[in-house]
>>> print(open('protein-v9.cif').read())   # mmCIF, C-alpha atoms
data_target
#
loop_
_atom_site.label_atom_id
_atom_site.label_comp_id
_atom_site.auth_asym_id
_atom_site.auth_seq_id
_atom_site.Cartn_x
_atom_site.Cartn_y
_atom_site.Cartn_z
CA MET H 1 42.56 -108.18 -56.04
CA PRO H 2 43.34 -111.32 -53.90
CA SER H 3 41.44 -111.53 -50.66
CA THR H 4 43.42 -110.79 -47.52
CA ARG H 5 43.25 -112.73 -44.26
CA PHE H 6 42.88 -109.56 -42.20
CA GLU H 7 41.13 -106.20 -42.30
CA PRO H 8 43.07 -103.09 -43.38
CA SER H 9 42.20 -101.48 -40.06
CA SER H 10 44.35 -104.06 -38.24
CA ILE H 11 47.53 -102.86 -40.00
CA LYS H 12 49.53 -100.68 -37.65
CA ASN H 13 51.59 -98.96 -40.33
CA LYS H 14 49.57 -95.94 -41.42
CA LEU H 15 51.06 -95.67 -44.93
CA LYS H 16 50.52 -99.35 -45.66
CA ARG H 17 47.01 -99.23 -44.18
CA GLU H 18 46.04 -96.30 -46.44
CA GLU H 19 47.52 -98.05 -49.48
CA ILE H 20 45.60 -101.27 -48.86
CA SER H 21 42.37 -99.34 -48.20
CA ARG H 22 42.80 -97.29 -51.37
CA LYS H 23 43.39 -100.39 -53.50
CA SER H 24 40.37 -102.12 -51.99
CA LYS H 25 38.13 -99.13 -52.70
CA LYS H 26 39.39 -98.90 -56.29
CA ALA H 27 38.75 -102.59 -56.87
CA LYS H 28 35.17 -102.30 -55.61
CA SER H 29 34.47 -99.31 -57.85
CA GLN H 30 35.87 -101.18 -60.88
CA GLN H 31 33.69 -104.19 -60.13
CA LYS H 32 30.64 -101.94 -59.88
CA LEU H 33 31.54 -100.25 -63.19
CA GLN H 34 31.97 -103.58 -65.00
CA ARG H 35 28.65 -104.78 -63.59
CA ARG H 36 26.83 -101.66 -64.81
CA LEU H 37 28.47 -101.86 -68.27
CA ALA H 38 27.42 -105.48 -68.64
CA GLN H 39 23.89 -104.61 -67.54
CA ALA H 40 23.67 -101.72 -70.03
CA LYS H 41 24.93 -103.97 -72.84
CA ALA H 42 22.33 -106.61 -72.04
CA GLU H 43 19.48 -104.07 -71.80
CA ALA H 44 20.48 -102.51 -75.14
CA ASN H 45 19.43 -105.72 -76.84
CA ASP H 46 16.37 -106.24 -74.61
CA PRO H 47 14.45 -102.99 -73.89
CA ALA H 48 11.76 -104.93 -72.01
CA ALA H 49 14.32 -105.94 -69.37
CA LYS H 50 15.24 -102.31 -68.75
CA LYS H 51 11.59 -101.32 -68.51
CA LYS H 52 10.95 -104.12 -66.02
CA ARG H 53 13.96 -103.12 -63.89
CA LEU H 54 12.90 -99.47 -63.74
CA ALA H 55 9.36 -100.47 -62.81
CA GLU H 56 10.56 -102.69 -59.95
CA ASN H 57 13.32 -100.43 -58.61
CA VAL H 58 11.35 -97.27 -57.80
CA PRO H 59 13.17 -95.19 -55.14
CA ARG H 60 11.21 -94.24 -52.05
CA THR H 61 11.00 -90.48 -51.64
CA LEU H 62 9.01 -88.11 -49.46
CA ASP H 63 6.86 -87.26 -52.48
CA ASN H 64 5.74 -90.74 -53.52
CA THR H 65 5.32 -91.93 -49.91
CA ARG H 66 3.29 -88.95 -48.65
CA GLU H 67 0.46 -89.71 -46.27
CA PHE H 68 -2.96 -89.91 -47.90
CA ASP H 69 -5.24 -86.99 -47.12
CA PRO H 70 -9.05 -87.37 -47.40
CA SER H 71 -9.12 -83.99 -49.14
CA PHE H 72 -7.27 -85.40 -52.16
CA LEU H 73 -9.13 -84.67 -55.38
CA THR H 74 -7.64 -87.91 -56.76
CA ALA H 75 -8.24 -91.40 -55.40
CA ASP H 76 -6.10 -93.09 -52.77
CA PRO H 77 -3.43 -95.10 -54.66
CA SER H 78 -3.87 -98.02 -52.27
CA THR H 79 -7.59 -98.29 -53.10
CA SER H 80 -7.48 -97.25 -56.75
CA ASN H 81 -8.83 -100.63 -57.88
CA GLN H 82 -11.94 -100.32 -55.71
CA ALA H 83 -14.46 -98.11 -57.50
CA GLY H 84 -17.95 -97.73 -56.16
CA PRO H 85 -20.83 -95.33 -55.75
CA SER H 86 -18.94 -93.37 -53.07
CA SER H 87 -16.27 -92.30 -55.59
CA SER H 88 -18.92 -90.92 -57.96
CA GLY H 89 -20.56 -89.12 -55.05
CA ASP H 90 -17.27 -87.52 -54.05
CA ALA H 91 -16.70 -86.43 -57.64
CA GLU H 92 -20.12 -84.80 -57.75
CA GLU H 93 -19.49 -83.05 -54.43
CA THR H 94 -16.12 -81.79 -55.64
CA ALA H 95 -17.66 -80.50 -58.87
CA ALA H 96 -20.37 -78.69 -56.90
CA ASP H 97 -17.77 -77.09 -54.62
CA ILE H 98 -15.72 -75.92 -57.60
CA ALA H 99 -18.81 -74.47 -59.29
CA SER H 100 -19.68 -72.42 -56.19
CA ASP H 101 -16.22 -71.31 -55.03
CA PRO H 102 -15.21 -67.59 -55.09
CA PHE H 103 -13.32 -68.04 -58.38
CA ALA H 104 -16.22 -69.54 -60.37
CA SER H 105 -17.12 -66.19 -61.95
CA TYR H 106 -13.68 -66.06 -63.62
CA PHE H 107 -14.27 -69.37 -65.43
CA THR H 108 -17.91 -68.70 -66.34
CA SER H 109 -17.46 -65.07 -67.42
CA THR H 110 -18.57 -64.02 -70.89
CA ASP H 111 -16.10 -61.12 -71.07
CA ASP H 112 -13.31 -60.91 -73.61
CA PRO H 113 -10.81 -63.65 -72.54
CA SER H 114 -7.88 -61.63 -73.87
CA ILE H 115 -8.41 -58.80 -71.35
CA PRO H 116 -6.19 -59.39 -68.30
CA PRO H 117 -7.63 -58.91 -64.80
CA LYS H 118 -6.57 -55.72 -63.03
CA ILE H 119 -4.11 -56.31 -60.19
CA LEU H 120 -3.03 -53.70 -57.66
CA ILE H 121 0.51 -54.27 -56.36
CA THR H 122 1.75 -52.37 -53.33
CA THR H 123 4.12 -52.82 -50.41
CA SER H 124 4.17 -52.70 -46.66
CA PRO H 125 4.70 -49.26 -45.06
CA LYS H 126 8.22 -47.83 -45.25
CA ALA H 127 9.45 -50.22 -47.92
CA THR H 128 13.02 -50.15 -49.25
CA LYS H 129 14.62 -50.33 -52.68
CA ALA H 130 14.89 -54.16 -52.71
CA THR H 131 11.12 -54.46 -52.27
CA TYR H 132 10.41 -51.88 -54.97
CA ASP H 133 12.70 -53.75 -57.40
CA PHE H 134 10.81 -56.97 -56.71
CA CYS H 135 7.47 -55.20 -57.27
CA ASP H 136 8.75 -53.98 -60.64
CA GLU H 137 9.41 -57.61 -61.56
CA LEU H 138 5.87 -58.61 -60.53
CA VAL H 139 4.40 -55.84 -62.67
CA GLY H 140 6.16 -57.39 -65.64
CA VAL H 141 4.93 -60.89 -64.77
CA PHE H 142 1.20 -60.18 -64.42
CA PRO H 143 -0.25 -58.61 -67.60
CA GLY H 144 -2.85 -56.43 -65.85
CA ALA H 145 -0.72 -55.35 -62.87
CA GLU H 146 -0.31 -51.78 -61.67
CA PHE H 147 1.98 -50.60 -58.88
CA ILE H 148 0.93 -47.85 -56.45
CA ARG H 149 3.23 -46.74 -53.67
CA ARG H 150 1.62 -47.24 -50.26
CA LYS H 151 1.18 -44.16 -48.12
CA LYS H 152 1.83 -43.95 -44.41
CA GLY H 153 -0.57 -43.20 -41.59
CA LYS H 154 -4.01 -44.20 -40.44
CA GLY H 155 -6.59 -45.12 -43.05
CA PHE H 156 -4.23 -47.17 -45.23
CA GLU H 157 -4.77 -50.52 -43.53
CA LEU H 158 -4.74 -53.59 -45.73
CA GLY H 159 -8.51 -54.10 -45.47
CA ARG H 160 -9.29 -50.49 -46.43
CA ILE H 161 -6.92 -50.68 -49.40
CA ALA H 162 -8.66 -53.88 -50.52
CA GLY H 163 -12.08 -52.22 -50.29
CA TRP H 164 -10.80 -49.17 -52.17
CA ALA H 165 -9.35 -51.36 -54.94
CA ALA H 166 -12.50 -53.49 -55.21
CA GLY H 167 -14.60 -50.38 -55.74
CA ARG H 168 -12.39 -49.38 -58.68
CA GLY H 169 -12.52 -52.59 -60.66
CA TYR H 170 -9.40 -54.34 -59.42
CA LYS H 171 -9.65 -58.12 -59.23
CA HIS H 172 -6.63 -58.78 -57.01
CA LEU H 173 -4.53 -57.03 -54.41
CA CYS H 174 -0.90 -58.13 -54.00
CA VAL H 175 1.03 -56.76 -51.02
CA VAL H 176 4.76 -57.44 -50.74
CA ASN H 177 5.96 -57.39 -47.14
CA GLU H 178 9.57 -56.98 -46.12
CA ASP H 179 11.82 -57.70 -43.16
CA MET H 180 15.43 -56.64 -42.63
CA LYS H 181 15.13 -54.56 -45.84
CA LYS H 182 14.36 -57.64 -47.95
CA PRO H 183 11.01 -58.92 -49.28
CA ASN H 184 9.93 -61.87 -47.14
CA ALA H 185 6.18 -62.40 -47.70
CA ILE H 186 3.32 -61.87 -50.16
CA THR H 187 -0.33 -61.30 -49.28
CA LEU H 188 -2.66 -62.06 -52.18
CA VAL H 189 -6.30 -60.94 -51.91
CA HIS H 190 -8.98 -61.94 -54.41
CA LEU H 191 -11.44 -59.08 -54.87
CA PRO H 192 -14.13 -58.22 -54.09
CA GLU H 193 -15.25 -61.11 -51.85
CA GLY H 194 -11.93 -62.78 -50.99
CA PRO H 195 -10.33 -65.10 -50.00
CA SER H 196 -6.97 -63.79 -48.75
CA ALA H 197 -3.78 -65.85 -48.74
CA TYR H 198 -0.48 -65.19 -47.00
CA PHE H 199 2.73 -66.74 -48.40
CA LYS H 200 6.25 -66.70 -47.02
CA LEU H 201 8.70 -65.56 -49.68
CA SER H 202 12.24 -66.92 -50.06
CA SER H 203 15.00 -67.56 -52.61
CA VAL H 204 14.28 -64.39 -54.58
CA GLU H 205 16.37 -63.85 -57.70
CA LEU H 206 15.62 -60.92 -59.98
CA THR H 207 15.94 -61.09 -63.74
CA LYS H 208 19.27 -59.29 -63.81
CA GLN H 209 20.72 -61.84 -61.36
CA ILE H 210 20.00 -64.81 -63.66
CA PHE H 211 22.88 -65.60 -66.01
CA GLY H 212 21.89 -65.72 -69.66
CA HIS H 213 18.31 -64.63 -69.04
CA ALA H 214 15.92 -63.83 -71.89
CA ARG H 215 14.21 -60.52 -72.40
CA ALA H 216 10.49 -60.42 -71.58
CA THR H 217 7.89 -59.25 -74.10
CA PRO H 218 4.44 -57.76 -73.36
CA HIS H 219 2.64 -60.93 -74.54
CA HIS H 220 0.28 -62.69 -72.14
CA PRO H 221 2.05 -65.83 -70.87
CA GLU H 222 0.73 -69.35 -70.57
CA LEU H 223 0.28 -70.78 -67.06
CA VAL H 224 1.32 -74.25 -65.88
CA LEU H 225 0.21 -75.49 -62.43
CA ASN H 226 1.80 -78.70 -61.12
CA ASN H 227 0.95 -81.03 -58.22
CA PHE H 228 -2.00 -79.20 -56.64
CA VAL H 229 -3.91 -82.33 -55.60
CA THR H 230 -5.84 -81.50 -52.40
CA ARG H 231 -8.87 -79.24 -52.01
CA LEU H 232 -6.68 -76.58 -50.38
CA GLY H 233 -4.09 -76.89 -53.12
CA HIS H 234 -6.78 -76.72 -55.79
CA ALA H 235 -8.12 -73.49 -54.25
CA VAL H 236 -4.62 -71.96 -54.20
CA GLY H 237 -4.02 -73.01 -57.81
CA ARG H 238 -7.32 -71.53 -58.98
CA MET H 239 -6.49 -68.34 -57.11
CA PHE H 240 -3.24 -67.95 -59.06
CA GLN H 241 -5.04 -68.91 -62.25
CA THR H 242 -7.37 -65.93 -61.90
CA THR H 243 -4.39 -63.53 -61.93
CA PHE H 244 -3.74 -64.27 -65.63
CA PRO H 245 -6.06 -63.77 -68.62
CA PRO H 246 -7.95 -66.90 -69.72
CA MET H 247 -6.56 -66.68 -73.26
CA PRO H 248 -2.73 -66.48 -73.51
CA GLU H 249 -0.89 -65.07 -76.49
CA PHE H 250 0.92 -68.08 -77.88
CA GLN H 251 3.00 -66.07 -80.32
CA GLY H 252 4.99 -64.74 -77.35
CA ARG H 253 6.08 -68.32 -76.41
CA GLN H 254 6.22 -67.33 -72.73
CA VAL H 255 5.16 -69.72 -69.99
CA VAL H 256 4.82 -69.17 -66.24
CA THR H 257 5.21 -72.29 -64.09
CA LEU H 258 4.05 -72.69 -60.51
CA HIS H 259 5.37 -76.05 -59.34
CA ASN H 260 4.25 -77.43 -55.98
CA GLN H 261 6.67 -79.80 -54.29
CA ARG H 262 6.38 -80.61 -50.57
CA ASP H 263 4.16 -77.52 -50.13
CA PHE H 264 6.81 -75.20 -51.58
CA LEU H 265 5.59 -73.27 -54.65
CA PHE H 266 8.44 -72.70 -57.09
CA PHE H 267 7.81 -69.81 -59.48
CA ARG H 268 9.60 -69.76 -62.85
CA ARG H 269 9.10 -67.96 -66.16
CA HIS H 270 10.59 -69.23 -69.42
CA ARG H 271 10.47 -68.74 -73.15
CA TYR H 272 10.39 -71.88 -75.27
CA ALA H 273 11.70 -72.36 -78.81
CA PHE H 274 11.06 -75.38 -81.05
CA ARG H 275 14.37 -76.64 -82.43
CA SER H 276 12.71 -79.48 -84.32
CA THR H 277 9.55 -81.56 -84.27
CA GLU H 278 10.90 -83.50 -81.27
CA LYS H 279 13.13 -81.05 -79.39
CA VAL H 280 12.32 -77.80 -77.61
CA ALA H 281 14.67 -75.39 -75.83
CA LEU H 282 13.93 -73.29 -72.75
CA GLN H 283 15.43 -69.96 -71.78
CA GLU H 284 14.59 -68.52 -68.38
CA ILE H 285 13.28 -64.98 -68.26
CA GLY H 286 12.94 -64.44 -64.53
CA PRO H 287 12.28 -63.64 -61.80
CA ARG H 288 12.45 -66.79 -59.67
CA PHE H 289 11.21 -67.16 -56.11
CA THR H 290 9.65 -69.68 -53.72
CA LEU H 291 6.36 -69.38 -51.82
CA LYS H 292 4.99 -71.32 -48.86
CA LEU H 293 1.37 -70.94 -47.76
CA ARG H 294 0.91 -69.90 -44.12
CA TRP H 295 -2.79 -69.11 -43.92
CA LEU H 296 -5.94 -68.69 -45.98
CA LYS H 297 -8.71 -66.38 -44.77
CA LYS H 298 -12.29 -65.90 -45.84
CA GLY H 299 -13.10 -62.51 -47.34
CA ILE H 300 -10.78 -59.52 -47.47
CA PRO H 301 -8.48 -58.64 -44.54
CA ALA H 302 -10.20 -57.25 -41.45
CA VAL H 303 -9.67 -53.82 -39.96
CA GLN H 304 -9.91 -53.73 -36.18
CA ASN H 305 -10.56 -50.40 -34.48
CA PHE H 306 -10.13 -51.01 -30.76
CA GLY H 307 -10.97 -47.42 -29.87
CA GLU H 308 -14.35 -47.43 -31.58
CA ALA H 309 -17.45 -47.00 -29.42
CA PRO H 310 -19.78 -50.02 -29.20
CA ARG H 311 -22.66 -50.05 -31.63
CA GLY H 312 -26.18 -49.54 -30.41
CA LEU H 313 -28.91 -52.13 -30.41
CA GLU H 314 -30.39 -52.60 -33.86
CA PHE H 315 -33.48 -54.42 -35.10
CA ASP H 316 -34.02 -55.92 -38.53
CA VAL H 317 -37.15 -54.16 -39.78
CA GLU H 318 -38.30 -54.31 -43.38
CA PRO H 319 -38.72 -50.82 -44.88
CA ASP H 320 -42.17 -49.70 -45.94
CA LYS H 321 -42.80 -49.95 -49.66
CA GLN H 322 -44.43 -46.71 -50.69
CA ASP H 323 -44.71 -47.25 -54.43
CA GLY H 324 -44.59 -51.03 -54.46
CA THR H 325 -41.08 -51.21 -55.93
CA GLU H 326 -37.72 -51.89 -54.32
CA ALA H 327 -34.67 -49.78 -54.91
CA VAL H 328 -31.98 -51.79 -56.64
CA ALA H 329 -28.42 -50.71 -55.95
CA ASP H 330 -25.96 -50.53 -58.79
CA PRO H 331 -23.41 -53.30 -58.23
CA ALA H 332 -20.74 -51.25 -60.01
CA LEU H 333 -20.98 -48.56 -57.33
CA LYS H 334 -21.20 -50.94 -54.40
CA LYS H 335 -18.84 -49.96 -51.60
CA ILE H 336 -16.83 -52.80 -50.08
CA ASN H 337 -16.33 -52.45 -46.35
CA PRO H 338 -13.67 -54.59 -44.64
CA PRO H 339 -14.88 -56.96 -41.90
CA LYS H 340 -14.16 -56.37 -38.21
CA GLN H 341 -12.73 -59.84 -37.58
CA ASP H 342 -10.81 -62.39 -39.65
CA GLU H 343 -12.18 -65.87 -40.33
CA PHE H 344 -9.48 -68.43 -41.05
CA LEU H 345 -10.15 -71.14 -43.60
CA TRP H 346 -6.76 -72.77 -43.00
CA ALA H 347 -3.67 -71.84 -41.00
CA TRP H 348 -0.36 -73.64 -40.70
CA LYS H 349 0.67 -74.80 -37.25
CA PRO H 350 3.70 -76.87 -36.24
CA GLU H 351 1.53 -79.58 -34.71
CA LEU H 352 -0.11 -80.23 -38.08
CA GLU H 353 3.08 -81.72 -39.49
CA THR H 354 2.98 -85.02 -37.66
CA THR H 355 5.56 -86.60 -39.98
CA ARG H 356 7.93 -85.50 -42.71
CA ARG H 357 5.56 -87.08 -45.22
CA THR H 358 2.60 -84.83 -44.34
CA PHE H 359 1.77 -82.22 -46.96
CA PHE H 360 -1.30 -80.02 -47.40
CA LEU H 361 -1.28 -78.79 -51.02
#
>>> encode(input="protein-v9.cif", output="structure tokens")
Amino acid sequence: MPSTRFEPSSIKNKLKREEISRKSKKAKSQQKLQRRLAQAKAEANDPAAKKKRLAENVPRTLDNTREFDPSFLTADPSTSNQAGPSSSGDAEETAADIASDPFASYFTSTDDPSIPPKILITTSPKATKATYDFCDELVGVFPGAEFIRRKKGKGFELGRIAGWAAGRGYKHLCVVNEDMKKPNAITLVHLPEGPSAYFKLSSVELTKQIFGHARATPHHPELVLNNFVTRLGHAVGRMFQTTFPPMPEFQGRQVVTLHNQRDFLFFRRHRYAFRSTEKVALQEIGPRFTLKLRWLKKGIPAVQNFGEAPRGLEFDVEPDKQDGTEAVADPALKKINPPKQDEFLWAWKPELETTRRTFFL
């Protein structure tokens, strides 16, 4: 198109102005198309040129420009070429923390790895049908899950339920909370010693709402955890890892994915099928939902009784040994009492997000 001596905006006739502007826009798009076609033709004969262009033209996103956190389990990308004794010391400290965290017994257990951990799933008081339907989906997701309807009244606080479940061999307690007759949060408690995590729940889609969904089978699924890079994220990932049996049943071809992106945990469940030696197809089973961590507490949830009388003064006195032996309590019959006060390990606050590139998991 020949260049004009004036801008289209200076034309007073509206129809002519729109025509000139439309032609100018079409000419620019054609030039861009011809430029891209020529570039694709040149790169078809020279794959190294395409590889070089993709390496140089990396788009800047919130994910790859996130602020570095000292709690990263991986090295700072800006100092990745500087390796020294401090990096080995940090690795040893991280390994020691992982070996002594509350989930270490799951990874060092000598029990049958095909036996799934027992999970108690319940709801908040006075739950509705939408919450019960979502709990039914969770029972199908976790192999060792069992749903028990929560009763009303005093004595069924979250901490007491956790202690009751821990005394009966359950390894996790999952409580689905609701608001406005819709599930809006999940409280996950690792038993018997904690920790407890609270997640906001959003974007819930049940299996029947997913078009073309597959039908689930009772096989134990595989678990895929993505982008848990900080110490907090690693703890959350290990917590979800303990909800599934260590040994999946590969013949079921089911996989559960928990993908962390910008501190949002996207939950998906698929079945994969190998079409050839190079291609694989995925079919979603469901359900799908999104979680966002709000707080992480030490131990099981506390039960506060404000009307209880103050305890008397007590002294730590060693009991007299009459026969020279100490009574050893059976750990299987140990009663778990909820604490009187919560101890936060981490809690989200608005002032923590100093920039849009600050993430915690």
>>> resolve_selection(input="protein-v9.cif", expression="the PyMOL selection byres ((chain H and resi 269) around 12)", output="number ranges by chain")
H: 137-138, 140-142, 205-207, 210, 213-217, 220-224, 253-259, 266-268, 270-272, 282-289
>>> closest_residue(input="protein-v9.cif", among="H:Thr108, H:Thr243, H:Thr122, H:Ser196", to="H:Lys171", atoms="only C-alpha atoms")
H:Thr243
>>> resolve_selection(input="protein-v9.cif", expression="the PyMOL selection byres ((chain H and resi 72) around 12)", output="list of chain:residue names")
H:Arg66, H:Glu67, H:Phe68, H:Asp69, H:Pro70, H:Ser71, H:Leu73, H:Thr74, H:Ala75, H:Asp76, H:Pro77, H:Ser87, H:Asp90, H:Ala91, H:Thr94, H:Asn227, H:Phe228, H:Val229, H:Thr230, H:Arg231, H:Leu232, H:Gly233, H:His234, H:Phe359, H:Phe360, H:Leu361
>>> write_last_selection(input="protein-v9.cif", atoms="C-alpha atoms", output="PDB file, in the coordinates of the input")
ATOM      1  CA  ARG H  66       3.290 -88.950 -48.650  1.00  0.00           C
ATOM      2  CA  GLU H  67       0.460 -89.710 -46.270  1.00  0.00           C
ATOM      3  CA  PHE H  68      -2.960 -89.910 -47.900  1.00  0.00           C
ATOM      4  CA  ASP H  69      -5.240 -86.990 -47.120  1.00  0.00           C
ATOM      5  CA  PRO H  70      -9.050 -87.370 -47.400  1.00  0.00           C
ATOM      6  CA  SER H  71      -9.120 -83.990 -49.140  1.00  0.00           C
ATOM      7  CA  LEU H  73      -9.130 -84.670 -55.380  1.00  0.00           C
ATOM      8  CA  THR H  74      -7.640 -87.910 -56.760  1.00  0.00           C
ATOM      9  CA  ALA H  75      -8.240 -91.400 -55.400  1.00  0.00           C
ATOM     10  CA  ASP H  76      -6.100 -93.090 -52.770  1.00  0.00           C
ATOM     11  CA  PRO H  77      -3.430 -95.100 -54.660  1.00  0.00           C
ATOM     12  CA  SER H  87     -16.270 -92.300 -55.590  1.00  0.00           C
ATOM     13  CA  ASP H  90     -17.270 -87.520 -54.050  1.00  0.00           C
ATOM     14  CA  ALA H  91     -16.700 -86.430 -57.640  1.00  0.00           C
ATOM     15  CA  THR H  94     -16.120 -81.790 -55.640  1.00  0.00           C
ATOM     16  CA  ASN H 227       0.950 -81.030 -58.220  1.00  0.00           C
ATOM     17  CA  PHE H 228      -2.000 -79.200 -56.640  1.00  0.00           C
ATOM     18  CA  VAL H 229      -3.910 -82.330 -55.600  1.00  0.00           C
ATOM     19  CA  THR H 230      -5.840 -81.500 -52.400  1.00  0.00           C
ATOM     20  CA  ARG H 231      -8.870 -79.240 -52.010  1.00  0.00           C
ATOM     21  CA  LEU H 232      -6.680 -76.580 -50.380  1.00  0.00           C
ATOM     22  CA  GLY H 233      -4.090 -76.890 -53.120  1.00  0.00           C
ATOM     23  CA  HIS H 234      -6.780 -76.720 -55.790  1.00  0.00           C
ATOM     24  CA  PHE H 359       1.770 -82.220 -46.960  1.00  0.00           C
ATOM     25  CA  PHE H 360      -1.300 -80.020 -47.400  1.00  0.00           C
ATOM     26  CA  LEU H 361      -1.280 -78.790 -51.020  1.00  0.00           C
TER      27      LEU H 361
END
>>> resolve_selection(input="protein-v9.cif", expression="the PyMOL selection byres ((chain H and resi 187) around 8)", output="PDB file with C-alpha atoms, keeping the file's coordinate frame")
ATOM      1  CA  LEU H 173      -4.530 -57.030 -54.410  1.00  0.00           C
ATOM      2  CA  CYS H 174      -0.900 -58.130 -54.000  1.00  0.00           C
ATOM      3  CA  VAL H 175       1.030 -56.760 -51.020  1.00  0.00           C
ATOM      4  CA  VAL H 176       4.760 -57.440 -50.740  1.00  0.00           C
ATOM      5  CA  ASN H 177       5.960 -57.390 -47.140  1.00  0.00           C
ATOM      6  CA  ALA H 185       6.180 -62.400 -47.700  1.00  0.00           C
ATOM      7  CA  ILE H 186       3.320 -61.870 -50.160  1.00  0.00           C
ATOM      8  CA  LEU H 188      -2.660 -62.060 -52.180  1.00  0.00           C
ATOM      9  CA  VAL H 189      -6.300 -60.940 -51.910  1.00  0.00           C
ATOM     10  CA  SER H 196      -6.970 -63.790 -48.750  1.00  0.00           C
ATOM     11  CA  ALA H 197      -3.780 -65.850 -48.740  1.00  0.00           C
ATOM     12  CA  TYR H 198      -0.480 -65.190 -47.000  1.00  0.00           C
ATOM     13  CA  PHE H 199       2.730 -66.740 -48.400  1.00  0.00           C
TER      14      PHE H 199
END
>>> atom_distance(input="protein-v9.cif", atom1="atom CA of H:Phe344", atom2="atom CA of H:Ile161")
19.8 Å
>>> residues_around(input="protein-v9.cif", residues="H:Leu191", least_positions_apart="4", cutoff="12 Å", atoms="only C-alpha atoms", output="ChimeraX atom specification")
/H:102-103,105-106,117-120,159,161-174,195-197,239,242-243,298-301,336-338
>>> build_atoms(input="protein-v9.cif", residues="stretch 92-104 of chain H", atoms="N, CA, C and O atoms", output="compact mmCIF listing (two decimals), keeping the file's coordinate frame")
# COMPACT_ATOMS: atom_id res chain seq x y z
N GLU H 92 -19.03 -85.76 -57.60
CA GLU H 92 -20.12 -84.80 -57.75
C GLU H 92 -20.02 -83.69 -56.69
O GLU H 92 -20.28 -82.52 -56.99
N GLU H 93 -19.65 -84.07 -55.48
CA GLU H 93 -19.49 -83.05 -54.43
C GLU H 93 -18.35 -82.10 -54.75
O GLU H 93 -18.46 -80.88 -54.54
N THR H 94 -17.24 -82.64 -55.26
CA THR H 94 -16.12 -81.79 -55.64
C THR H 94 -16.50 -80.84 -56.77
O THR H 94 -16.15 -79.65 -56.76
N ALA H 95 -17.23 -81.35 -57.77
CA ALA H 95 -17.66 -80.50 -58.87
C ALA H 95 -18.59 -79.40 -58.39
O ALA H 95 -18.52 -78.25 -58.87
N ALA H 96 -19.46 -79.72 -57.43
CA ALA H 96 -20.37 -78.69 -56.90
C ALA H 96 -19.60 -77.63 -56.12
O ALA H 96 -19.91 -76.44 -56.21
N ASP H 97 -18.57 -78.06 -55.36
CA ASP H 97 -17.77 -77.09 -54.62
C ASP H 97 -17.01 -76.16 -55.56
O ASP H 97 -16.89 -74.96 -55.32
N ILE H 98 -16.47 -76.74 -56.65
CA ILE H 98 -15.72 -75.92 -57.60
C ILE H 98 -16.65 -74.93 -58.30
O ILE H 98 -16.27 -73.77 -58.55
N ALA H 99 -17.87 -75.36 -58.60
CA ALA H 99 -18.81 -74.47 -59.29
C ALA H 99 -19.30 -73.33 -58.42
O ALA H 99 -19.77 -72.31 -58.95
N SER H 100 -19.18 -73.47 -57.10
CA SER H 100 -19.68 -72.42 -56.19
C SER H 100 -18.57 -71.73 -55.41
O SER H 100 -18.87 -71.01 -54.46
N ASP H 101 -17.30 -71.95 -55.77
CA ASP H 101 -16.22 -71.31 -55.03
C ASP H 101 -16.09 -69.85 -55.45
O ASP H 101 -16.71 -69.41 -56.43
N PRO H 102 -15.30 -69.02 -54.75
CA PRO H 102 -15.21 -67.59 -55.09
C PRO H 102 -14.62 -67.31 -56.46
O PRO H 102 -14.75 -66.19 -56.95
N PHE H 103 -13.97 -68.28 -57.09
CA PHE H 103 -13.32 -68.04 -58.38
C PHE H 103 -14.17 -68.52 -59.55
O PHE H 103 -13.70 -68.49 -60.69
N ALA H 104 -15.39 -68.97 -59.29
CA ALA H 104 -16.22 -69.54 -60.37
C ALA H 104 -16.57 -68.48 -61.41
O ALA H 104 -16.70 -68.81 -62.60
